[in-house]
Amino acid sequence: MPHPFRHNPAFRRFFLGRLLSLVGDAVIPSALALAVLRATGSASALALVLGCAMVPRLVLLPLGGVIADRFNPRTVALTTDLVRCAGQLFVGIELLSGKPELWQIAVAEAIGGAASAFAMPTLSSLIVGIVGEKDRQAANSALGVVRSATLVGGPALAGLLVLTAGPGWAFVLDAASFAVSAALLATLTLSRAPAPGEEHHSLRSDLVEGWHEVRSRGWYWTSLVAHATWNGAAAVFSTLGPAVAVKELGGDGAWIVIAQAGAVGLLLGSLLSGRARPRRPILAGNLVLTTYVLPLGLLALHAPAPAVAAAFGVASAGLGFFNPLWSTAVQAAVPQAVLARVTSYDWLLSLAAMPLGYVLAPLAADAWGEATPLWIAAAAVGLACVATAGVPDVRRFTLNTPANTPDADASSSALDAGASSPVPDADASSPVPDADASSPAADADVSSPDLHRRPSAPRRTPADRPRR
């Protein structure tokens, strides 16, 4: 089957904007940490800045879903790109001035976090508008590959840029990537966009309707529970892993090897997903996510660093394999009118689970030792993912399932098609006719992250997904 790169110019422009945006964001975590520590010398100040970005994102995500469903997603995505461009440029200029103020950086990051809450839900609708149904898995896999590749090369690029030019230029680069993304968005049109003047209900009604769409699909909400558990376990691993590696597995180098193995595994899994066509994608994907039990258990046992690295690579490959499948399933099943709201709840659950893991893991480690929270996380993620196999809707879901409406009866054997991505990165919408790449209708918007983002929206780390 021809890849959408070959016959869909709209997707090529979308992909280019996504690539540049992810490369720009790849340098920000290191640059932000170094900039805040240089300015204040305080780790708590860095935590404050990170919290200023995260809290508005979590609070506003459901509202972002409503806005993306009410208005043209291209317009919403373009606007948020411009807002984030201005915010990152402001931070970059402040850092280059040599006299950055902590409150200014915190406010700029808060504005960027709020903008990302509106950008993240648009990604699903943008993909559906750009790519025909038959090409979506290949497109989602390609986007997963570039996301994974930036995770592999991003730290090296960040180190080179920060050490040679300074953190301020890293923010300028990210601002430029958002500007290019906005410019590309301006050239595209969605093959299917909300009709002007379409009637909507109150904000509360729209939020309730979105939540109802989530709850009415058994395969969807049960999978989200498993994905949120996965994200919480990933937070435990990323919090306790460095300490265990340094103390028990050979020092800093051991953790670097483990982390890099995860990034490579994520890339390989994304490549494999472009060719895989499992008959029951939700069931297969959820079961593949159980491989995260391996690195958690081996780390708890203080297994040799190569064994932990290999296990983490396998688990990350499972995540890379799962995310495009999940995105494709959601895009084929959830009606476009509610797509952004449905995926916004997915992002919300995925992102909210991670801070919980970050907070609880060190508390549990202090109380009972590092092995205990690692074993608890392994048991939780294994049980949650395997348990989805007991849900009839999960077992019966196939991409050929014709149902695209919420379950009428929870005990019915009819399956609603649809799904959402764990962390991070998933789009969804009701099937639309394949867009002719040569026609204006085939063009679409591009935005955002993570999601995966994370999908677009804020970029995600391996732990962000699922969702990620």
# chains A, B, ... in the order shown; residues from 1 in each chain; ligands from 1

$ residues_around --residues "region 351-353 of chain A" --least-positions-apart "5" --cutoff "7 Å" --atoms "only C-alpha atoms" --output "list in words"
Ala228, Asn231 and Gly232 of chain A

$ closest_atom_pairs --of "region 315-342 of chain A" --to "region 209-217 of chain A" --cutoff "8 Å" --atoms "only C-alpha atoms" --output "Markdown table"
| residue | atom | partner | partner_atom | distance |
| --- | --- | --- | --- | --- |
| A:Val338 | CA | A:Gly210 | CA | 6.3 |
| A:Arg341 | CA | A:Gly210 | CA | 5.2 |
| A:Val342 | CA | A:Gly210 | CA | 5.6 |

$ write_last_selection --atoms "all heavy atoms" --output "PDB file, in the first residue's frame"
ATOM      1  N   VAL A 338     -17.297  14.736  18.517  1.00  0.00           N
ATOM      2  CA  VAL A 338     -16.923  14.638  19.939  1.00  0.00           C
ATOM      3  C   VAL A 338     -15.484  14.170  20.112  1.00  0.00           C
ATOM      4  O   VAL A 338     -15.049  13.923  21.238  1.00  0.00           O
ATOM      5  CB  VAL A 338     -17.876  13.678  20.696  1.00  0.00           C
ATOM      6  CG1 VAL A 338     -19.286  14.235  20.731  1.00  0.00           C
ATOM      7  CG2 VAL A 338     -17.855  12.286  20.084  1.00  0.00           C
ATOM      8  N   ARG A 341     -13.095  16.156  22.521  1.00  0.00           N
ATOM      9  CA  ARG A 341     -13.472  16.015  23.931  1.00  0.00           C
ATOM     10  C   ARG A 341     -13.113  14.630  24.463  1.00  0.00           C
ATOM     11  O   ARG A 341     -12.610  14.488  25.584  1.00  0.00           O
ATOM     12  CB  ARG A 341     -14.975  16.257  24.099  1.00  0.00           C
ATOM     13  CG  ARG A 341     -15.342  17.730  24.219  1.00  0.00           C
ATOM     14  CD  ARG A 341     -16.828  17.946  24.115  1.00  0.00           C
ATOM     15  NE  ARG A 341     -17.312  17.786  22.749  1.00  0.00           N
ATOM     16  CZ  ARG A 341     -18.583  17.805  22.404  1.00  0.00           C
ATOM     17  NH1 ARG A 341     -19.526  17.938  23.334  1.00  0.00           N
ATOM     18  NH2 ARG A 341     -18.936  17.683  21.132  1.00  0.00           N
ATOM     19  N   VAL A 342     -13.362  13.615  23.666  1.00  0.00           N
ATOM     20  CA  VAL A 342     -13.036  12.256  24.096  1.00  0.00           C
ATOM     21  C   VAL A 342     -11.532  12.109  24.339  1.00  0.00           C
ATOM     22  O   VAL A 342     -11.095  11.586  25.365  1.00  0.00           O
ATOM     23  CB  VAL A 342     -13.531  11.240  23.051  1.00  0.00           C
ATOM     24  CG1 VAL A 342     -12.955   9.855  23.316  1.00  0.00           C
ATOM     25  CG2 VAL A 342     -15.058  11.173  23.062  1.00  0.00           C
TER      26      VAL A 342
END

$ atom_distance --atom1 "CA of Thr290 (chain A)" --atom2 "CA of Ser238 (chain A)"
17.0 Å

$ residues_around --residues "region 267-270 of chain A" --least-positions-apart "5" --cutoff "8 Å" --atoms "only C-alpha atoms" --output "MDAnalysis selection string"
chainID A and resid 141:142 144:145 148:149 316:324

$ closest_residue --among "A:Pro242, A:Gly218, A:Gly285, A:Pro4" --to "Glu370 (chain A)" --atoms "only C-alpha atoms"
A:Pro242

$ residues_around --residues "region 14-29 of chain A" --least-positions-apart "4" --cutoff "9 Å" --atoms "only C-alpha atoms" --output "PyMOL selection string"
chain A and resi 5+9-10+33-34+126-127+130+139+142-143+146-147+150-151+153-159+161-162+167+170-178+180-185+188+444-449+456+458-459

$ closest_residue --among "A:Leu50, A:Ala300, A:Val208, A:Ala310" --to "Trp375 (chain A)" --atoms "only C-alpha atoms"
A:Ala300

$ atom_distance --atom1 "CA of Ala45 (chain A)" --atom2 "CA of Val257 (chain A)"
29.0 Å

$ closest_residue --among "A:Gln331, A:Thr291, A:Thr388, A:Thr189" --to "Arg13 (chain A)" --atoms "only C-alpha atoms"
A:Thr189

$ residues_around --residues "region 54-65 of chain A" --least-positions-apart "2" --cutoff "7 Å" --atoms "only C-alpha atoms" --output "PyMOL selection string"
chain A and resi 50-52+67-69+110+113-114+116-118+121+207+340-341+344-345+348

$ select_by_dssp --residues "region 250-329 of chain A" --states "helix (DSSP H, G or I)" --output "NGL selection string"
:A and (252-273 or 281-300 or 305-329)

$ residues_around --residues "Thr398 (chain A)" --least-positions-apart "4" --cutoff "8 Å" --atoms "only C-alpha atoms" --output "list in words"
Arg279, Arg280, Pro281, Ile282 and Ala417 of chain A

$ write_last_selection --atoms "all heavy atoms" --output "compact mmCIF listing (two decimals), in the first residue's frame"
# COMPACT_ATOMS: atom_id res chain seq x y z
N ARG A 279 -5.62 -8.28 14.20
CA ARG A 279 -7.06 -8.32 13.98
C ARG A 279 -7.81 -7.63 15.11
O ARG A 279 -8.84 -7.00 14.88
CB ARG A 279 -7.52 -9.78 13.85
CG ARG A 279 -8.99 -9.93 13.51
CD ARG A 279 -9.31 -11.36 13.11
NE ARG A 279 -10.72 -11.50 12.85
CZ ARG A 279 -11.62 -11.85 13.77
NH1 ARG A 279 -11.22 -12.09 15.01
NH2 ARG A 279 -12.90 -11.95 13.46
N ARG A 280 -7.31 -7.74 16.32
CA ARG A 280 -7.94 -7.12 17.49
C ARG A 280 -6.94 -6.14 18.11
O ARG A 280 -6.24 -6.49 19.07
CB ARG A 280 -8.39 -8.17 18.49
CG ARG A 280 -9.34 -9.21 17.89
CD ARG A 280 -9.80 -10.23 18.90
NE ARG A 280 -10.57 -11.29 18.25
CZ ARG A 280 -11.86 -11.19 17.92
NH1 ARG A 280 -12.50 -10.06 18.19
NH2 ARG A 280 -12.49 -12.19 17.34
N PRO A 281 -6.84 -4.94 17.58
CA PRO A 281 -5.75 -4.02 17.97
C PRO A 281 -5.79 -3.58 19.43
O PRO A 281 -4.74 -3.43 20.05
CB PRO A 281 -5.94 -2.83 17.03
CG PRO A 281 -7.38 -2.89 16.61
CD PRO A 281 -7.73 -4.34 16.57
N ILE A 282 -6.98 -3.36 19.99
CA ILE A 282 -7.03 -2.90 21.38
C ILE A 282 -6.59 -4.00 22.32
O ILE A 282 -5.79 -3.77 23.25
CB ILE A 282 -8.46 -2.44 21.74
CG1 ILE A 282 -8.92 -1.36 20.77
CG2 ILE A 282 -8.50 -1.91 23.17
CD1 ILE A 282 -8.03 -0.15 20.72
N ALA A 417 -16.91 0.62 18.06
CA ALA A 417 -15.53 0.81 17.67
C ALA A 417 -15.04 2.12 18.18
O ALA A 417 -15.71 3.10 18.11
CB ALA A 417 -15.42 0.75 16.17

$ closest_residue --among "A:Val386, A:Leu224, A:Ala179, A:Ala77" --to "Leu283 (chain A)" --atoms "only C-alpha atoms"
A:Val386

$ closest_residue --among "A:Val76, A:Ala276, A:Ala377, A:Ala309" --to "Ser125 (chain A)" --atoms "only C-alpha atoms"
A:Val76
